[in-house]
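K.L.:
The structure is given below, and queries will be raised subsequently.
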Amino acid sequence: MAESMVNPNVVHFSGENPFLRLKQTMSGPDSTVCALWRAHYSPAGPGHALFVKSDATDGDILILTDNEVLLRWVQQIEALLRPEFGNTKLPYLEASFSRDGDTRTTYCETATAPAAAVELRWSGLAGGFLISLEPGNDIAGDWGVSSFMLPAGSAELIVNGRKAVGAAFPEPMAGKDSSTAALAFAENWYRAP
């Protein structure tokens with residue numbers, strides 16, 4: 001009997017989840033943590049949610065979105081990955097989102113609100129690989145996730161013209177050479193039926 005080509009799980013999110021973590025030294029703590037969610041498909045419809053905590057925000061959490069329902073839905077996953085972003089009582093700013101560049105050289109995401117302008121930049125992109133975790137894993141619990149990861153050799157965050165200190169560093173992911181900053185494209189989050 002032929003093996004089914006259809007994953008039996010129920011997909012709840014399909015889109016992108018580029019992230020970056022900057023540090024001042026390879027073994028030091030994160031000085032910047034950012035996660036951007038771009039939903040092409042979700043229970044809350046399409047849209048964006050950006051989470052930022054950095055020296056460029058004076059250590060405060062900054063959240064920007066163009067779809068509050070998506071933001072609050074995504075926070076259930078953020079609570080697993082980056083718990084400080086999972087608090088649904090955190091305030092947010094309405095923003096518009098754009099991207100520029102390409103995945104061969106430098107890729108940039110921008111979020112703009114009346115009181116905030118945030119730019120994330122990934123460079124030195126190479127060595128992409130596919131990750132896949134089935135539901136019931138140690139990282140995301142009853143969520144499964146698959147994603148194309150494209151690690152960055154360097155990354156930057158700029159908030160209202162203020163550049164975050166620190167850099168991206170090599171960091172293995174699932175046994176593959178990766179980075180603390182990567183583009184996560186073709187990302188799908190799913191659960192058992």
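We label chains A, B, ... in the order they appear in the structure tokens, count residues from 1 in each chain, and number ligands from 1 in the order shown.
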Can you tell me which residues surround region 168-178 of chain A at a distance of at most 12 Å, considering only C-alpha atoms, apart from same-chain residues fewer than 2 positions away, and format the answer as a PDB file with N, CA and C atoms, in the first residue's frame?

P.N.:
```
ATOM      1  N   PHE A  19      13.118  35.546  12.659  1.00  0.00           N
ATOM      2  CA  PHE A  19      13.464  35.932  14.025  1.00  0.00           C
ATOM      3  C   PHE A  19      14.911  36.384  14.078  1.00  0.00           C
ATOM      4  N   LEU A  20      15.234  37.109  15.124  1.00  0.00           N
ATOM      5  CA  LEU A  20      16.643  37.406  15.392  1.00  0.00           C
ATOM      6  C   LEU A  20      16.854  37.590  16.876  1.00  0.00           C
ATOM      7  N   ARG A  21      18.006  37.086  17.291  1.00  0.00           N
ATOM      8  CA  ARG A  21      18.500  37.277  18.648  1.00  0.00           C
ATOM      9  C   ARG A  21      19.915  37.808  18.538  1.00  0.00           C
ATOM     10  N   LEU A  22      20.171  38.929  19.171  1.00  0.00           N
ATOM     11  CA  LEU A  22      21.505  39.520  19.155  1.00  0.00           C
ATOM     12  C   LEU A  22      22.114  39.395  20.546  1.00  0.00           C
ATOM     13  N   LYS A  23      23.438  39.227  20.565  1.00  0.00           N
ATOM     14  CA  LYS A  23      24.184  39.151  21.825  1.00  0.00           C
ATOM     15  C   LYS A  23      25.452  39.970  21.668  1.00  0.00           C
ATOM     16  N   GLN A  24      26.062  40.333  22.795  1.00  0.00           N
ATOM     17  CA  GLN A  24      27.320  41.051  22.730  1.00  0.00           C
ATOM     18  C   GLN A  24      28.504  40.100  22.653  1.00  0.00           C
ATOM     19  N   THR A  25      28.338  38.880  23.174  1.00  0.00           N
ATOM     20  CA  THR A  25      29.343  37.825  23.047  1.00  0.00           C
ATOM     21  C   THR A  25      28.633  36.514  22.760  1.00  0.00           C
ATOM     22  N   MET A  26      29.362  35.573  22.184  1.00  0.00           N
ATOM     23  CA  MET A  26      28.738  34.315  21.804  1.00  0.00           C
ATOM     24  C   MET A  26      28.087  33.603  22.988  1.00  0.00           C
ATOM     25  N   SER A  27      28.736  33.641  24.149  1.00  0.00           N
ATOM     26  CA  SER A  27      28.203  32.932  25.312  1.00  0.00           C
ATOM     27  C   SER A  27      27.356  33.829  26.216  1.00  0.00           C
ATOM     28  N   GLY A  28      27.194  35.086  25.842  1.00  0.00           N
ATOM     29  CA  GLY A  28      26.443  36.025  26.668  1.00  0.00           C
ATOM     30  C   GLY A  28      24.943  35.914  26.492  1.00  0.00           C
ATOM     31  N   PRO A  29      24.202  36.644  27.311  1.00  0.00           N
ATOM     32  CA  PRO A  29      22.743  36.634  27.205  1.00  0.00           C
ATOM     33  C   PRO A  29      22.277  37.408  25.971  1.00  0.00           C
ATOM     34  N   ASP A  30      21.056  37.151  25.561  1.00  0.00           N
ATOM     35  CA  ASP A  30      20.462  37.899  24.454  1.00  0.00           C
ATOM     36  C   ASP A  30      20.266  39.350  24.875  1.00  0.00           C
ATOM     37  N   SER A  31      20.726  40.273  24.038  1.00  0.00           N
ATOM     38  CA  SER A  31      20.462  41.688  24.285  1.00  0.00           C
ATOM     39  C   SER A  31      19.282  42.174  23.453  1.00  0.00           C
ATOM     40  N   THR A  32      18.935  41.412  22.424  1.00  0.00           N
ATOM     41  CA  THR A  32      17.771  41.693  21.577  1.00  0.00           C
ATOM     42  C   THR A  32      17.100  40.379  21.215  1.00  0.00           C
ATOM     43  N   VAL A  33      15.773  40.374  21.289  1.00  0.00           N
ATOM     44  CA  VAL A  33      14.979  39.229  20.833  1.00  0.00           C
ATOM     45  C   VAL A  33      13.828  39.788  20.010  1.00  0.00           C
ATOM     46  N   CYS A  34      13.690  39.314  18.772  1.00  0.00           N
ATOM     47  CA  CYS A  34      12.601  39.747  17.887  1.00  0.00           C
ATOM     48  C   CYS A  34      11.988  38.536  17.201  1.00  0.00           C
ATOM     49  N   ARG A 121      16.971  43.410   9.798  1.00  0.00           N
ATOM     50  CA  ARG A 121      17.770  43.127   8.602  1.00  0.00           C
ATOM     51  C   ARG A 121      18.606  41.874   8.831  1.00  0.00           C
ATOM     52  N   TRP A 122      18.565  40.970   7.849  1.00  0.00           N
ATOM     53  CA  TRP A 122      19.353  39.737   7.865  1.00  0.00           C
ATOM     54  C   TRP A 122      20.277  39.737   6.648  1.00  0.00           C
ATOM     55  N   SER A 123      21.560  39.435   6.848  1.00  0.00           N
ATOM     56  CA  SER A 123      22.539  39.396   5.758  1.00  0.00           C
ATOM     57  C   SER A 123      23.359  38.111   5.859  1.00  0.00           C
ATOM     58  N   GLY A 124      24.116  37.832   4.799  1.00  0.00           N
ATOM     59  CA  GLY A 124      24.939  36.626   4.800  1.00  0.00           C
ATOM     60  C   GLY A 124      24.087  35.373   4.859  1.00  0.00           C
ATOM     61  N   LEU A 125      23.034  35.346   4.067  1.00  0.00           N
ATOM     62  CA  LEU A 125      22.072  34.243   4.082  1.00  0.00           C
ATOM     63  C   LEU A 125      22.596  33.061   3.272  1.00  0.00           C
ATOM     64  N   ALA A 126      22.606  31.885   3.887  1.00  0.00           N
ATOM     65  CA  ALA A 126      23.109  30.695   3.175  1.00  0.00           C
ATOM     66  C   ALA A 126      22.793  29.443   3.971  1.00  0.00           C
ATOM     67  N   GLY A 127      22.821  28.314   3.287  1.00  0.00           N
ATOM     68  CA  GLY A 127      22.724  27.021   3.961  1.00  0.00           C
ATOM     69  C   GLY A 127      21.354  26.692   4.492  1.00  0.00           C
ATOM     70  N   GLY A 128      20.304  26.966   3.729  1.00  0.00           N
ATOM     71  CA  GLY A 128      18.951  26.685   4.180  1.00  0.00           C
ATOM     72  C   GLY A 128      18.685  25.201   4.385  1.00  0.00           C
ATOM     73  N   PHE A 129      17.754  24.912   5.292  1.00  0.00           N
ATOM     74  CA  PHE A 129      17.362  23.526   5.557  1.00  0.00           C
ATOM     75  C   PHE A 129      15.923  23.497   6.058  1.00  0.00           C
ATOM     76  N   LEU A 130      15.314  22.340   5.978  1.00  0.00           N
ATOM     77  CA  LEU A 130      13.929  22.142   6.388  1.00  0.00           C
ATOM     78  C   LEU A 130      13.898  21.472   7.751  1.00  0.00           C
ATOM     79  N   ILE A 131      13.120  22.039   8.677  1.00  0.00           N
ATOM     80  CA  ILE A 131      12.913  21.373   9.965  1.00  0.00           C
ATOM     81  C   ILE A 131      11.463  20.916  10.047  1.00  0.00           C
ATOM     82  N   SER A 132      11.240  19.876  10.826  1.00  0.00           N
ATOM     83  CA  SER A 132       9.892  19.365  11.004  1.00  0.00           C
ATOM     84  C   SER A 132       9.796  18.685  12.360  1.00  0.00           C
ATOM     85  N   LEU A 133       8.852  19.120  13.172  1.00  0.00           N
ATOM     86  CA  LEU A 133       8.581  18.513  14.477  1.00  0.00           C
ATOM     87  C   LEU A 133       7.124  18.082  14.504  1.00  0.00           C
ATOM     88  N   ILE A 139       9.713  20.880  22.398  1.00  0.00           N
ATOM     89  CA  ILE A 139       9.834  22.322  22.171  1.00  0.00           C
ATOM     90  C   ILE A 139       8.468  23.006  22.127  1.00  0.00           C
ATOM     91  N   PHE A 148      11.090  26.136   6.533  1.00  0.00           N
ATOM     92  CA  PHE A 148      12.351  26.270   5.818  1.00  0.00           C
ATOM     93  C   PHE A 148      13.162  27.347   6.522  1.00  0.00           C
ATOM     94  N   MET A 149      14.297  26.965   7.086  1.00  0.00           N
ATOM     95  CA  MET A 149      15.142  27.877   7.846  1.00  0.00           C
ATOM     96  C   MET A 149      16.307  28.352   6.966  1.00  0.00           C
ATOM     97  N   LEU A 150      16.512  29.656   6.930  1.00  0.00           N
ATOM     98  CA  LEU A 150      17.617  30.244   6.182  1.00  0.00           C
ATOM     99  C   LEU A 150      18.433  31.102   7.150  1.00  0.00           C
ATOM    100  N   PRO A 151      19.514  30.529   7.733  1.00  0.00           N
ATOM    101  CA  PRO A 151      20.302  31.232   8.738  1.00  0.00           C
ATOM    102  C   PRO A 151      21.019  32.460   8.157  1.00  0.00           C
ATOM    103  N   ALA A 152      21.204  33.462   9.023  1.00  0.00           N
ATOM    104  CA  ALA A 152      21.888  34.691   8.631  1.00  0.00           C
ATOM    105  C   ALA A 152      23.256  34.764   9.306  1.00  0.00           C
ATOM    106  N   GLY A 153      24.241  35.215   8.552  1.00  0.00           N
ATOM    107  CA  GLY A 153      25.566  35.436   9.122  1.00  0.00           C
ATOM    108  C   GLY A 153      25.614  36.672  10.001  1.00  0.00           C
ATOM    109  N   SER A 154      24.753  37.650   9.695  1.00  0.00           N
ATOM    110  CA  SER A 154      24.675  38.859  10.513  1.00  0.00           C
ATOM    111  C   SER A 154      23.236  39.372  10.493  1.00  0.00           C
ATOM    112  N   ALA A 155      22.913  40.190  11.499  1.00  0.00           N
ATOM    113  CA  ALA A 155      21.556  40.732  11.607  1.00  0.00           C
ATOM    114  C   ALA A 155      21.605  42.055  12.352  1.00  0.00           C
ATOM    115  N   GLU A 156      20.598  42.881  12.100  1.00  0.00           N
ATOM    116  CA  GLU A 156      20.497  44.186  12.752  1.00  0.00           C
ATOM    117  C   GLU A 156      19.056  44.467  13.117  1.00  0.00           C
ATOM    118  N   LEU A 157      18.886  45.234  14.181  1.00  0.00           N
ATOM    119  CA  LEU A 157      17.593  45.788  14.557  1.00  0.00           C
ATOM    120  C   LEU A 157      17.780  47.278  14.742  1.00  0.00           C
ATOM    121  N   ALA A 164      20.319  48.539  17.666  1.00  0.00           N
ATOM    122  CA  ALA A 164      20.577  47.655  18.800  1.00  0.00           C
ATOM    123  C   ALA A 164      22.040  47.226  18.801  1.00  0.00           C
ATOM    124  N   VAL A 165      22.600  47.089  19.994  1.00  0.00           N
ATOM    125  CA  VAL A 165      23.967  46.569  20.105  1.00  0.00           C
ATOM    126  C   VAL A 165      23.913  45.053  19.964  1.00  0.00           C
ATOM    127  N   GLY A 166      25.067  44.460  19.731  1.00  0.00           N
ATOM    128  CA  GLY A 166      25.130  43.011  19.627  1.00  0.00           C
ATOM    129  C   GLY A 166      25.133  42.534  18.193  1.00  0.00           C
ATOM    130  N   THR A 180      21.657  32.551  15.433  1.00  0.00           N
ATOM    131  CA  THR A 180      20.668  33.140  16.329  1.00  0.00           C
ATOM    132  C   THR A 180      19.712  34.060  15.573  1.00  0.00           C
ATOM    133  N   ALA A 181      19.921  34.214  14.269  1.00  0.00           N
ATOM    134  CA  ALA A 181      19.034  35.011  13.413  1.00  0.00           C
ATOM    135  C   ALA A 181      18.788  34.230  12.129  1.00  0.00           C
ATOM    136  N   ALA A 182      17.529  34.074  11.774  1.00  0.00           N
ATOM    137  CA  ALA A 182      17.207  33.290  10.574  1.00  0.00           C
ATOM    138  C   ALA A 182      15.860  33.705  10.017  1.00  0.00           C
ATOM    139  N   LEU A 183      15.706  33.475   8.733  1.00  0.00           N
ATOM    140  CA  LEU A 183      14.403  33.600   8.095  1.00  0.00           C
ATOM    141  C   LEU A 183      13.733  32.235   8.182  1.00  0.00           C
ATOM    142  N   ALA A 184      12.525  32.212   8.657  1.00  0.00           N
ATOM    143  CA  ALA A 184      11.756  30.966   8.736  1.00  0.00           C
ATOM    144  C   ALA A 184      10.566  31.120   7.791  1.00  0.00           C
TER     145      ALA A 184
END
```

K.L.:
Near Gly141 (chain A), counting only C-alpha atoms, which residues have an atom at most 12 Å away, once you skip same-chain residues fewer than 2 positions from it, shown as a list of chain:residue names?

P.N.:
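In the requested form, the answer reads A:Gln76, A:Ile77, A:Ala79, A:Leu80, A:Leu81, A:Leu133, A:Glu134, A:Pro135, A:Gly136, A:Asn137, A:Asp138, A:Ile139, A:Trp143, A:Gly144, A:Val145, A:Trp189, A:Tyr190, A:Arg191, A:Ala192.
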
K.L.:
Within 10 Å of region 61-64 of chain A, which residues of region 96-148 of chain A come that close, and what is the closest atom pair and distance in Å for each? Count only C-alpha atoms and give it as a tab-separated table.

P.N.:
```
residue	atom	partner	partner_atom	distance
A:Ser96	CA	A:Leu64	CA	8.5
A:Phe97	CA	A:Leu64	CA	9.2
A:Ala111	CA	A:Leu64	CA	7.2
A:Thr112	CA	A:Leu64	CA	8.2
A:Ala113	CA	A:Leu64	CA	7.6
A:Ala116	CA	A:Leu64	CA	8.7
A:Ala117	CA	A:Leu64	CA	9.7
A:Val118	CA	A:Leu64	CA	9.1
```

K.L.:
Which polymer residues have any atom within 7 Å of an atom of Gly47 (chain A), counting only C-alpha atoms, with same-chain residues fewer than 6 positions away left out, as a short mmCIF file (atom, residue, chain, number, x, y, z; two decimals) with N, CA and C atoms, in the first residue's frame?

P.N.:
```cif
data_model
loop_
_atom_site.label_atom_id
_atom_site.label_comp_id
_atom_site.auth_asym_id
_atom_site.auth_seq_id
_atom_site.Cartn_x
_atom_site.Cartn_y
_atom_site.Cartn_z
N ARG A 38 4.14 36.47 9.97
CA ARG A 38 3.34 36.88 8.80
C ARG A 38 2.42 35.71 8.47
N ALA A 39 1.13 35.89 8.71
CA ALA A 39 0.16 34.83 8.45
C ALA A 39 -0.41 34.97 7.05
N ASP A 66 -1.02 44.47 12.54
CA ASP A 66 -2.09 45.00 11.70
C ASP A 66 -3.34 44.14 11.83
N ASN A 67 -3.34 43.21 12.82
CA ASN A 67 -4.48 42.34 13.05
C ASN A 67 -4.43 41.89 14.52
N LEU A 70 -5.12 38.20 15.26
CA LEU A 70 -3.98 37.36 14.94
C LEU A 70 -2.91 37.47 16.02
#
```

K.L.:
Can you check which residues of chain A DSSP gives as alpha helix (DSSP H) on the backbone and send them as a list in words?

P.N.:
Glu68, Val69, Leu70, Leu71, Arg72, Trp73, Val74, Gln75, Gln76, Ile77, Glu78, Ala79, Leu80 and Leu81 of chain A

K.L.:
Could those selected residues go to a file with C-alpha atoms, as an mmCIF file, in the first residue's frame?

P.N.:
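As a result, part.cif now contains:
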```cif
data_model
loop_
_atom_site.group_PDB
_atom_site.id
_atom_site.type_symbol
_atom_site.label_atom_id
_atom_site.label_comp_id
_atom_site.auth_asym_id
_atom_site.auth_seq_id
_atom_site.Cartn_x
_atom_site.Cartn_y
_atom_site.Cartn_z
ATOM 1 C CA GLU A 68 -5.115 42.288 16.817
ATOM 2 C CA VAL A 69 -6.965 38.955 16.666
ATOM 3 C CA LEU A 70 -3.975 37.357 14.939
ATOM 4 C CA LEU A 71 -1.608 38.904 17.490
ATOM 5 C CA ARG A 72 -3.539 37.441 20.406
ATOM 6 C CA TRP A 73 -3.810 34.052 18.677
ATOM 7 C CA VAL A 74 -0.057 33.935 17.943
ATOM 8 C CA GLN A 75 0.695 34.715 21.576
ATOM 9 C CA GLN A 76 -0.322 31.174 22.561
ATOM 10 C CA ILE A 77 2.639 29.898 20.510
ATOM 11 C CA GLU A 78 4.943 32.698 21.669
ATOM 12 C CA ALA A 79 4.146 31.633 25.251
ATOM 13 C CA LEU A 80 5.878 28.316 24.429
ATOM 14 C CA LEU A 81 8.828 29.726 22.472
#
```

K.L.:
List every residue of region 54-168 of chain A that DSSP, applied to the backbone of this structure, places in strand (DSSP E), and write the result as a PyMOL selection string.

P.N.:
chain A and resi 54+61-65+93-94+96-101+106-113+116-125+129-133+144-159+162-163

K.L.:
Between A:His48, A:Ala35, A:Asp55, A:Tyr41, which residue has the minimum interatomic distance to Phe13 (chain A), considering only C-alpha atoms?

P.N.:
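Closest candidate: A:Tyr41.
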
K.L.:
Between A:Ala140, A:Leu36, A:Ala44, A:Leu93, single out the one closest to Leu120 (chain A), counting only C-alpha atoms.

P.N.:
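Selected residue with least distance to Leu120 (chain A): A:Leu36.
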